[in-house]
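K.L.:
Next comes run11.cif, mmCIF, N, CA and C atoms and all ligand atoms:
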```cif
data_input
loop_
_atom_site.group_PDB
_atom_site.id
_atom_site.type_symbol
_atom_site.label_atom_id
_atom_site.label_comp_id
_atom_site.auth_asym_id
_atom_site.auth_seq_id
_atom_site.Cartn_x
_atom_site.Cartn_y
_atom_site.Cartn_z
ATOM 1 N N GLY A 8 0.820 -1.208 0.000
ATOM 2 C CA GLY A 8 0.000 0.000 0.000
ATOM 3 C C GLY A 8 0.850 1.251 0.000
ATOM 4 N N ALA A 9 0.247 2.378 0.377
ATOM 5 C CA ALA A 9 0.943 3.657 0.372
ATOM 6 C C ALA A 9 1.698 3.886 1.674
ATOM 7 N N MET A 10 1.429 3.032 2.653
ATOM 8 C CA MET A 10 2.081 3.201 3.949
ATOM 9 C C MET A 10 3.550 2.816 3.862
ATOM 10 N N ALA A 11 4.332 3.302 4.811
ATOM 11 C CA ALA A 11 5.734 2.935 4.875
ATOM 12 C C ALA A 11 5.859 1.436 5.127
ATOM 13 N N ILE A 12 6.881 0.854 4.556
ATOM 14 C CA ILE A 12 7.123 -0.570 4.724
ATOM 15 C C ILE A 12 8.235 -0.755 5.750
ATOM 16 N N TYR A 13 7.966 -1.641 6.694
ATOM 17 C CA TYR A 13 8.959 -1.947 7.709
ATOM 18 C C TYR A 13 9.532 -3.325 7.430
ATOM 19 N N PRO A 14 10.739 -3.377 6.903
ATOM 20 C CA PRO A 14 11.327 -4.691 6.627
ATOM 21 C C PRO A 14 11.850 -5.335 7.907
ATOM 22 N N CYS A 15 11.652 -6.623 8.000
ATOM 23 C CA CYS A 15 12.190 -7.385 9.122
ATOM 24 C C CYS A 15 13.717 -7.322 9.088
ATOM 25 N N GLY A 16 14.343 -7.078 10.223
ATOM 26 C CA GLY A 16 15.791 -6.964 10.294
ATOM 27 C C GLY A 16 16.509 -8.265 10.022
ATOM 28 N N MET A 17 15.751 -9.355 10.000
ATOM 29 C CA MET A 17 16.360 -10.662 9.787
ATOM 30 C C MET A 17 16.146 -11.163 8.364
ATOM 31 N N CYS A 18 14.884 -11.265 7.942
ATOM 32 C CA CYS A 18 14.598 -11.841 6.620
ATOM 33 C C CYS A 18 14.349 -10.756 5.569
ATOM 34 N N HIS A 19 14.269 -9.505 6.004
ATOM 35 C CA HIS A 19 14.092 -8.345 5.129
ATOM 36 C C HIS A 19 12.779 -8.350 4.359
ATOM 37 N N LYS A 20 11.857 -9.198 4.783
ATOM 38 C CA LYS A 20 10.517 -9.147 4.210
ATOM 39 C C LYS A 20 9.672 -8.190 5.038
ATOM 40 N N GLU A 21 8.595 -7.725 4.431
ATOM 41 C CA GLU A 21 7.747 -6.743 5.095
ATOM 42 C C GLU A 21 7.120 -7.303 6.376
ATOM 43 N N VAL A 22 7.089 -6.464 7.407
ATOM 44 C CA VAL A 22 6.389 -6.809 8.637
ATOM 45 C C VAL A 22 5.012 -6.165 8.585
ATOM 46 N N ASN A 23 3.976 -6.977 8.531
ATOM 47 C CA ASN A 23 2.620 -6.461 8.441
ATOM 48 C C ASN A 23 2.021 -6.243 9.823
ATOM 49 N N ASP A 24 0.939 -5.457 9.853
ATOM 50 C CA ASP A 24 0.271 -5.143 11.110
ATOM 51 C C ASP A 24 -0.187 -6.402 11.845
ATOM 52 N N ASN A 25 -0.591 -7.396 11.085
ATOM 53 C CA ASN A 25 -1.128 -8.607 11.714
ATOM 54 C C ASN A 25 -0.062 -9.669 11.941
ATOM 55 N N ASP A 26 1.190 -9.340 11.652
ATOM 56 C CA ASP A 26 2.288 -10.248 11.955
ATOM 57 C C ASP A 26 2.697 -10.092 13.411
ATOM 58 N N GLU A 27 3.103 -11.187 14.015
ATOM 59 C CA GLU A 27 3.699 -11.093 15.346
ATOM 60 C C GLU A 27 5.130 -10.622 15.161
ATOM 61 N N ALA A 28 5.436 -9.451 15.712
ATOM 62 C CA ALA A 28 6.755 -8.883 15.508
ATOM 63 C C ALA A 28 7.218 -8.157 16.757
ATOM 64 N N VAL A 29 8.530 -8.124 16.939
ATOM 65 C CA VAL A 29 9.116 -7.403 18.065
ATOM 66 C C VAL A 29 10.003 -6.293 17.521
ATOM 67 N N PHE A 30 10.157 -5.263 18.313
ATOM 68 C CA PHE A 30 10.903 -4.087 17.898
ATOM 69 C C PHE A 30 12.184 -3.995 18.714
ATOM 70 N N CYS A 31 13.303 -3.816 18.054
ATOM 71 C CA CYS A 31 14.586 -3.687 18.746
ATOM 72 C C CYS A 31 14.714 -2.245 19.231
ATOM 73 N N GLU A 32 14.189 -2.028 20.430
ATOM 74 C CA GLU A 32 13.971 -0.684 20.944
ATOM 75 C C GLU A 32 15.270 0.018 21.316
ATOM 76 N N SER A 33 16.154 -0.709 21.953
ATOM 77 C CA SER A 33 17.361 -0.071 22.457
ATOM 78 C C SER A 33 18.555 -0.361 21.567
ATOM 79 N N GLY A 34 18.284 -0.758 20.334
ATOM 80 C CA GLY A 34 19.380 -1.085 19.432
ATOM 81 C C GLY A 34 19.181 -0.508 18.045
ATOM 82 N N CYS A 35 18.975 -1.403 17.074
ATOM 83 C CA CYS A 35 18.968 -1.001 15.670
ATOM 84 C C CYS A 35 17.633 -0.422 15.207
ATOM 85 N N ASN A 36 16.599 -0.433 16.081
ATOM 86 C CA ASN A 36 15.284 0.115 15.721
ATOM 87 C C ASN A 36 14.668 -0.568 14.501
ATOM 88 N N PHE A 37 14.883 -1.856 14.397
ATOM 89 C CA PHE A 37 14.257 -2.652 13.356
ATOM 90 C C PHE A 37 13.160 -3.517 13.962
ATOM 91 N N PHE A 38 12.142 -3.810 13.152
ATOM 92 C CA PHE A 38 11.163 -4.811 13.538
ATOM 93 C C PHE A 38 11.671 -6.184 13.115
ATOM 94 N N PHE A 39 11.309 -7.193 13.895
ATOM 95 C CA PHE A 39 11.666 -8.568 13.564
ATOM 96 C C PHE A 39 10.437 -9.446 13.728
ATOM 97 N N HIS A 40 10.183 -10.331 12.757
ATOM 98 C CA HIS A 40 9.131 -11.321 12.942
ATOM 99 C C HIS A 40 9.467 -12.174 14.158
ATOM 100 N N ARG A 41 8.442 -12.547 14.894
ATOM 101 C CA ARG A 41 8.684 -13.380 16.071
ATOM 102 C C ARG A 41 9.430 -14.658 15.693
ATOM 103 N N THR A 42 9.012 -15.277 14.598
ATOM 104 C CA THR A 42 9.614 -16.544 14.208
ATOM 105 C C THR A 42 11.050 -16.366 13.711
ATOM 106 N N CYS A 43 11.378 -15.204 13.182
ATOM 107 C CA CYS A 43 12.720 -14.962 12.646
ATOM 108 C C CYS A 43 13.762 -14.884 13.756
ATOM 109 N N VAL A 44 13.346 -14.472 14.959
ATOM 110 C CA VAL A 44 14.301 -14.372 16.054
ATOM 111 C C VAL A 44 14.137 -15.528 17.034
ATOM 112 N N GLY A 45 13.279 -16.500 16.679
ATOM 113 C CA GLY A 45 13.156 -17.698 17.484
ATOM 114 C C GLY A 45 12.492 -17.482 18.824
ATOM 115 N N LEU A 46 11.667 -16.439 18.931
ATOM 116 C CA LEU A 46 10.925 -16.207 20.170
ATOM 117 C C LEU A 46 9.758 -17.185 20.252
ATOM 118 N N THR A 47 9.582 -17.789 21.398
ATOM 119 C CA THR A 47 8.415 -18.642 21.581
ATOM 120 C C THR A 47 7.173 -17.766 21.715
ATOM 121 N N GLU A 48 6.021 -18.369 21.467
ATOM 122 C CA GLU A 48 4.772 -17.619 21.569
ATOM 123 C C GLU A 48 4.565 -17.112 22.990
ATOM 124 N N ALA A 49 4.969 -17.930 23.966
ATOM 125 C CA ALA A 49 4.821 -17.547 25.372
ATOM 126 C C ALA A 49 5.680 -16.330 25.692
ATOM 127 N N ALA A 50 6.917 -16.339 25.206
ATOM 128 C CA ALA A 50 7.818 -15.215 25.447
ATOM 129 C C ALA A 50 7.294 -13.960 24.768
ATOM 130 N N PHE A 51 6.703 -14.145 23.600
ATOM 131 C CA PHE A 51 6.156 -13.017 22.862
ATOM 132 C C PHE A 51 4.977 -12.395 23.615
ATOM 133 N N GLN A 52 4.112 -13.259 24.149
ATOM 134 C CA GLN A 52 2.974 -12.767 24.927
ATOM 135 C C GLN A 52 3.445 -11.988 26.143
ATOM 136 N N MET A 53 4.477 -12.465 26.797
ATOM 137 C CA MET A 53 5.020 -11.804 27.982
ATOM 138 C C MET A 53 5.534 -10.418 27.637
ATOM 139 N N LEU A 54 6.259 -10.337 26.501
ATOM 140 C CA LEU A 54 6.800 -9.056 26.060
ATOM 141 C C LEU A 54 5.678 -8.055 25.795
ATOM 142 N N ASN A 55 4.602 -8.548 25.201
ATOM 143 C CA ASN A 55 3.486 -7.676 24.852
ATOM 144 C C ASN A 55 2.726 -7.202 26.082
ATOM 145 N N LYS A 56 2.671 -8.036 27.095
ATOM 146 C CA LYS A 56 1.945 -7.689 28.311
ATOM 147 C C LYS A 56 2.741 -6.708 29.152
ATOM 148 N N GLU A 57 4.045 -6.896 29.148
ATOM 149 C CA GLU A 57 4.917 -6.079 29.988
ATOM 150 C C GLU A 57 5.272 -4.797 29.241
ATOM 151 N N VAL A 58 4.628 -3.686 29.642
ATOM 152 C CA VAL A 58 4.764 -2.433 28.900
ATOM 153 C C VAL A 58 6.207 -1.940 28.884
ATOM 154 N N PHE A 59 6.915 -2.165 29.972
ATOM 155 C CA PHE A 59 8.256 -1.597 30.073
ATOM 156 C C PHE A 59 9.346 -2.575 29.660
ATOM 157 N N ALA A 60 8.944 -3.730 29.192
ATOM 158 C CA ALA A 60 9.930 -4.707 28.756
ATOM 159 C C ALA A 60 10.542 -4.247 27.438
ATOM 160 N N GLU A 61 11.853 -4.215 27.410
ATOM 161 C CA GLU A 61 12.535 -3.834 26.178
ATOM 162 C C GLU A 61 13.174 -5.066 25.576
ATOM 163 N N TRP A 62 12.958 -5.222 24.290
ATOM 164 C CA TRP A 62 13.544 -6.352 23.605
ATOM 165 C C TRP A 62 14.682 -5.861 22.722
ATOM 166 N N CYS A 63 15.709 -6.668 22.608
ATOM 167 C CA CYS A 63 16.890 -6.324 21.823
ATOM 168 C C CYS A 63 17.242 -7.521 20.943
ATOM 169 N N CYS A 64 17.552 -7.278 19.695
ATOM 170 C CA CYS A 64 17.891 -8.384 18.812
ATOM 171 C C CYS A 64 19.293 -8.924 19.125
ATOM 172 N N ASP A 65 19.593 -10.094 18.609
ATOM 173 C CA ASP A 65 20.870 -10.754 18.903
ATOM 174 C C ASP A 65 22.061 -9.894 18.538
ATOM 175 N N LYS A 66 21.941 -9.198 17.416
ATOM 176 C CA LYS A 66 23.052 -8.371 16.939
ATOM 177 C C LYS A 66 23.380 -7.270 17.942
ATOM 178 N N CYS A 67 22.322 -6.699 18.521
ATOM 179 C CA CYS A 67 22.504 -5.556 19.415
ATOM 180 C C CYS A 67 22.822 -5.988 20.840
ATOM 181 N N VAL A 68 22.454 -7.211 21.192
ATOM 182 C CA VAL A 68 22.758 -7.707 22.520
ATOM 183 C C VAL A 68 24.262 -7.943 22.654
ATOM 184 N N SER A 69 24.855 -8.499 21.614
ATOM 185 C CA SER A 69 26.281 -8.817 21.694
ATOM 186 C C SER A 69 27.145 -7.593 21.467
HETATM 187 ZN ZN ZN B 1 11.383 -11.858 9.259
HETATM 188 ZN ZN ZN B 2 18.911 -4.671 17.059
#
```
As structure tokens, what does this structure read like?
Ligand SMILES: [Zn+2]
Ligand SMILES: [Zn+2]
P.N.:
Amino acid sequence: GAMAIYPCGMCHKEVNDNDEAVFCESGCNFFFHRTCVGLTEAAFQMLNKEVFAEWCCDKCVS
């Protein structure tokens, strides 16, 4: 569409609104599909519930 496209930092495919995705808040500021970073569904739910939880991708953690 006309909206900005957010490519996944891992697979570089578009991250859609209805995709489960995490944002590398304190690092590269990229979105990542949940499955691309190997997050379990349970871990993903926890991140979403916890407002102040910051997630960081592997590249930025190291
Ligand atoms: Zn991806
Ligand atoms: Zn990152």
K.L.:
Can you spell out as a ChimeraX atom specification the set of residues that the PyMOL selection byres (((chain A and resi 62 and name CA) around 6) and not hetatm and name CA) selects in the structure I just provided?
P.N.:
/A:31,61,63
K.L.:
Output the neighbourhood of ligand ZN 2 (chain B) as a ChimeraX atom specification, that is, all protein and nucleic acid residues with some atom at most 6 Å from the ligand, counting only C-alpha atoms and all ligand atoms.
P.N.:
/A:31,34-35,63-64,66-67
K.L.:
Out of segment 11-65 of chain A, which residues get helix (DSSP H, G or I) from DSSP, as a VMD selection string?
P.N.:
chain A and resid 42 to 44 48 to 56 65
K.L.:
Can you turn the PyMOL selection byres (((not hetatm)) within 5 of (chain B and resi 1)) into a concrete residue list for this file, as a VMD selection string?
P.N.:
chain A and resid 15 17 to 19 40 43
K.L.:
I'd like the interatomic distance between atom CA of Ala11 of chain A and atom CA of Phe51 of chain A, to a tenth of an Å.
P.N.:
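About the pair atom CA of Ala11 of chain A and atom CA of Phe51 of chain A: they are 24.0 Å apart.
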K.L.:
Would you compute, for all listed atoms of segment 60-68 of chain A, the axis-aligned bounding box grown by 8 Å on each side, and then report its centre and edge lengths in Å rounded to one decimal, as AutoDock Vina command-line options?
P.N.:
```
--center_x 16.6 --center_y -7.2 --center_z 23.1 --size_x 31.3 --size_y 23.0 --size_z 28.3
```
K.L.:
Name the residues that the PyMOL selection byres (((chain A and resi 41) around 8) and not hetatm) pulls out of this structure, and write them as a compact mmCIF listing (two decimals) with N, CA and C atoms, in the coordinates of the input.
P.N.:
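Below is the file part-v5.txt, written as the result:
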```txt
# COMPACT_ATOMS: atom_id res chain seq x y z
N ASP A 26 1.19 -9.34 11.65
CA ASP A 26 2.29 -10.25 11.96
C ASP A 26 2.70 -10.09 13.41
N GLU A 27 3.10 -11.19 14.02
CA GLU A 27 3.70 -11.09 15.35
C GLU A 27 5.13 -10.62 15.16
N ALA A 28 5.44 -9.45 15.71
CA ALA A 28 6.76 -8.88 15.51
C ALA A 28 7.22 -8.16 16.76
N VAL A 29 8.53 -8.12 16.94
CA VAL A 29 9.12 -7.40 18.07
C VAL A 29 10.00 -6.29 17.52
N PHE A 38 12.14 -3.81 13.15
CA PHE A 38 11.16 -4.81 13.54
C PHE A 38 11.67 -6.18 13.12
N PHE A 39 11.31 -7.19 13.90
CA PHE A 39 11.67 -8.57 13.56
C PHE A 39 10.44 -9.45 13.73
N HIS A 40 10.18 -10.33 12.76
CA HIS A 40 9.13 -11.32 12.94
C HIS A 40 9.47 -12.17 14.16
N THR A 42 9.01 -15.28 14.60
CA THR A 42 9.61 -16.54 14.21
C THR A 42 11.05 -16.37 13.71
N CYS A 43 11.38 -15.20 13.18
CA CYS A 43 12.72 -14.96 12.65
C CYS A 43 13.76 -14.88 13.76
N VAL A 44 13.35 -14.47 14.96
CA VAL A 44 14.30 -14.37 16.05
C VAL A 44 14.14 -15.53 17.03
N GLY A 45 13.28 -16.50 16.68
CA GLY A 45 13.16 -17.70 17.48
C GLY A 45 12.49 -17.48 18.82
N LEU A 46 11.67 -16.44 18.93
CA LEU A 46 10.92 -16.21 20.17
C LEU A 46 9.76 -17.18 20.25
N THR A 47 9.58 -17.79 21.40
CA THR A 47 8.41 -18.64 21.58
C THR A 47 7.17 -17.77 21.72
N GLU A 48 6.02 -18.37 21.47
CA GLU A 48 4.77 -17.62 21.57
C GLU A 48 4.57 -17.11 22.99
N PHE A 51 6.70 -14.14 23.60
CA PHE A 51 6.16 -13.02 22.86
C PHE A 51 4.98 -12.40 23.62
```
K.L.:
Record the distance separating atom CA of Ser69 of chain A and atom CA of Asn23 of chain A, expressed in Å with one decimal.
P.N.:
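Computing the Euclidean distance for atom CA of Ser69 of chain A and atom CA of Asn23 of chain A yields 27.2 Å.
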K.L.:
Closest to Lys20 of chain A among A:Glu32, A:Phe59, A:Asp65, A:Phe37, using only C-alpha atoms?
P.N.:
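Ranking A:Glu32, A:Phe59, A:Asp65, A:Phe37 by distance to Lys20 of chain A, first place goes to A:Phe37.
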K.L.:
Restore all heavy atoms in segment 24-35 of chain A and list the result as a PDB file, in the coordinates of the input.
P.N.:
```pdb
ATOM      1  N   ASP A  24       0.939  -5.457   9.853  1.00  0.00           N
ATOM      2  CA  ASP A  24       0.271  -5.143  11.110  1.00  0.00           C
ATOM      3  C   ASP A  24      -0.187  -6.402  11.845  1.00  0.00           C
ATOM      4  O   ASP A  24      -0.196  -6.449  13.067  1.00  0.00           O
ATOM      5  CB  ASP A  24      -0.955  -4.259  10.856  1.00  0.00           C
ATOM      6  CG  ASP A  24      -0.553  -2.810  10.671  1.00  0.00           C
ATOM      7  OD1 ASP A  24       0.624  -2.492  10.934  1.00  0.00           O
ATOM      8  OD2 ASP A  24      -1.406  -2.013  10.277  1.00  0.00           O
ATOM      9  N   ASN A  25      -0.591  -7.396  11.085  1.00  0.00           N
ATOM     10  CA  ASN A  25      -1.128  -8.607  11.714  1.00  0.00           C
ATOM     11  C   ASN A  25      -0.062  -9.669  11.941  1.00  0.00           C
ATOM     12  O   ASN A  25      -0.359 -10.771  12.369  1.00  0.00           O
ATOM     13  CB  ASN A  25      -2.290  -9.167  10.903  1.00  0.00           C
ATOM     14  CG  ASN A  25      -1.918  -9.391   9.451  1.00  0.00           C
ATOM     15  OD1 ASN A  25      -0.935  -8.818   8.970  1.00  0.00           O
ATOM     16  ND2 ASN A  25      -2.673 -10.207   8.757  1.00  0.00           N
ATOM     17  N   ASP A  26       1.190  -9.340  11.652  1.00  0.00           N
ATOM     18  CA  ASP A  26       2.288 -10.248  11.955  1.00  0.00           C
ATOM     19  C   ASP A  26       2.697 -10.092  13.411  1.00  0.00           C
ATOM     20  O   ASP A  26       2.655  -8.992  13.954  1.00  0.00           O
ATOM     21  CB  ASP A  26       3.512  -9.932  11.080  1.00  0.00           C
ATOM     22  CG  ASP A  26       3.346 -10.401   9.656  1.00  0.00           C
ATOM     23  OD1 ASP A  26       2.529 -11.301   9.415  1.00  0.00           O
ATOM     24  OD2 ASP A  26       4.029  -9.837   8.785  1.00  0.00           O
ATOM     25  N   GLU A  27       3.103 -11.187  14.015  1.00  0.00           N
ATOM     26  CA  GLU A  27       3.699 -11.093  15.346  1.00  0.00           C
ATOM     27  C   GLU A  27       5.130 -10.622  15.161  1.00  0.00           C
ATOM     28  O   GLU A  27       5.938 -11.279  14.517  1.00  0.00           O
ATOM     29  CB  GLU A  27       3.677 -12.453  16.034  1.00  0.00           C
ATOM     30  CG  GLU A  27       2.269 -12.918  16.348  1.00  0.00           C
ATOM     31  CD  GLU A  27       2.285 -14.237  17.105  1.00  0.00           C
ATOM     32  OE1 GLU A  27       3.188 -15.050  16.856  1.00  0.00           O
ATOM     33  OE2 GLU A  27       1.397 -14.449  17.913  1.00  0.00           O
ATOM     34  N   ALA A  28       5.436  -9.451  15.712  1.00  0.00           N
ATOM     35  CA  ALA A  28       6.755  -8.883  15.508  1.00  0.00           C
ATOM     36  C   ALA A  28       7.218  -8.157  16.757  1.00  0.00           C
ATOM     37  O   ALA A  28       6.417  -7.634  17.528  1.00  0.00           O
ATOM     38  CB  ALA A  28       6.745  -7.919  14.327  1.00  0.00           C
ATOM     39  N   VAL A  29       8.530  -8.124  16.939  1.00  0.00           N
ATOM     40  CA  VAL A  29       9.116  -7.403  18.065  1.00  0.00           C
ATOM     41  C   VAL A  29      10.003  -6.293  17.521  1.00  0.00           C
ATOM     42  O   VAL A  29      10.530  -6.369  16.418  1.00  0.00           O
ATOM     43  CB  VAL A  29       9.927  -8.332  18.983  1.00  0.00           C
ATOM     44  CG1 VAL A  29       8.999  -9.176  19.829  1.00  0.00           C
ATOM     45  CG2 VAL A  29      10.878  -9.193  18.194  1.00  0.00           C
ATOM     46  N   PHE A  30      10.157  -5.263  18.313  1.00  0.00           N
ATOM     47  CA  PHE A  30      10.903  -4.087  17.898  1.00  0.00           C
ATOM     48  C   PHE A  30      12.184  -3.995  18.714  1.00  0.00           C
ATOM     49  O   PHE A  30      12.149  -4.092  19.947  1.00  0.00           O
ATOM     50  CB  PHE A  30      10.028  -2.842  18.125  1.00  0.00           C
ATOM     51  CG  PHE A  30      10.618  -1.566  17.606  1.00  0.00           C
ATOM     52  CD1 PHE A  30      10.812  -1.386  16.248  1.00  0.00           C
ATOM     53  CD2 PHE A  30      10.947  -0.543  18.479  1.00  0.00           C
ATOM     54  CE1 PHE A  30      11.348  -0.194  15.760  1.00  0.00           C
ATOM     55  CE2 PHE A  30      11.484   0.653  17.997  1.00  0.00           C
ATOM     56  CZ  PHE A  30      11.673   0.816  16.643  1.00  0.00           C
ATOM     57  N   CYS A  31      13.303  -3.816  18.054  1.00  0.00           N
ATOM     58  CA  CYS A  31      14.586  -3.687  18.746  1.00  0.00           C
ATOM     59  C   CYS A  31      14.714  -2.245  19.231  1.00  0.00           C
ATOM     60  O   CYS A  31      15.258  -1.385  18.542  1.00  0.00           O
ATOM     61  CB  CYS A  31      15.744  -4.057  17.825  1.00  0.00           C
ATOM     62  SG  CYS A  31      17.343  -4.000  18.656  1.00  0.00           S
ATOM     63  N   GLU A  32      14.189  -2.028  20.430  1.00  0.00           N
ATOM     64  CA  GLU A  32      13.971  -0.684  20.944  1.00  0.00           C
ATOM     65  C   GLU A  32      15.270   0.018  21.316  1.00  0.00           C
ATOM     66  O   GLU A  32      15.461   1.192  21.051  1.00  0.00           O
ATOM     67  CB  GLU A  32      13.068  -0.779  22.174  1.00  0.00           C
ATOM     68  CG  GLU A  32      12.223   0.439  22.394  1.00  0.00           C
ATOM     69  CD  GLU A  32      11.112   0.150  23.376  1.00  0.00           C
ATOM     70  OE1 GLU A  32      10.795  -1.039  23.579  1.00  0.00           O
ATOM     71  OE2 GLU A  32      10.575   1.092  23.940  1.00  0.00           O
ATOM     72  N   SER A  33      16.154  -0.709  21.953  1.00  0.00           N
ATOM     73  CA  SER A  33      17.361  -0.071  22.457  1.00  0.00           C
ATOM     74  C   SER A  33      18.555  -0.361  21.567  1.00  0.00           C
ATOM     75  O   SER A  33      19.694  -0.215  21.991  1.00  0.00           O
ATOM     76  CB  SER A  33      17.635  -0.530  23.896  1.00  0.00           C
ATOM     77  OG  SER A  33      17.388  -1.895  24.045  1.00  0.00           O
ATOM     78  N   GLY A  34      18.284  -0.758  20.334  1.00  0.00           N
ATOM     79  CA  GLY A  34      19.380  -1.085  19.432  1.00  0.00           C
ATOM     80  C   GLY A  34      19.181  -0.508  18.045  1.00  0.00           C
ATOM     81  O   GLY A  34      19.153   0.697  17.849  1.00  0.00           O
ATOM     82  N   CYS A  35      18.975  -1.403  17.074  1.00  0.00           N
ATOM     83  CA  CYS A  35      18.968  -1.001  15.670  1.00  0.00           C
ATOM     84  C   CYS A  35      17.633  -0.422  15.207  1.00  0.00           C
ATOM     85  O   CYS A  35      17.527   0.030  14.077  1.00  0.00           O
ATOM     86  CB  CYS A  35      19.345  -2.190  14.801  1.00  0.00           C
ATOM     87  SG  CYS A  35      18.306  -3.641  15.032  1.00  0.00           S
TER      88      CYS A  35
END
```
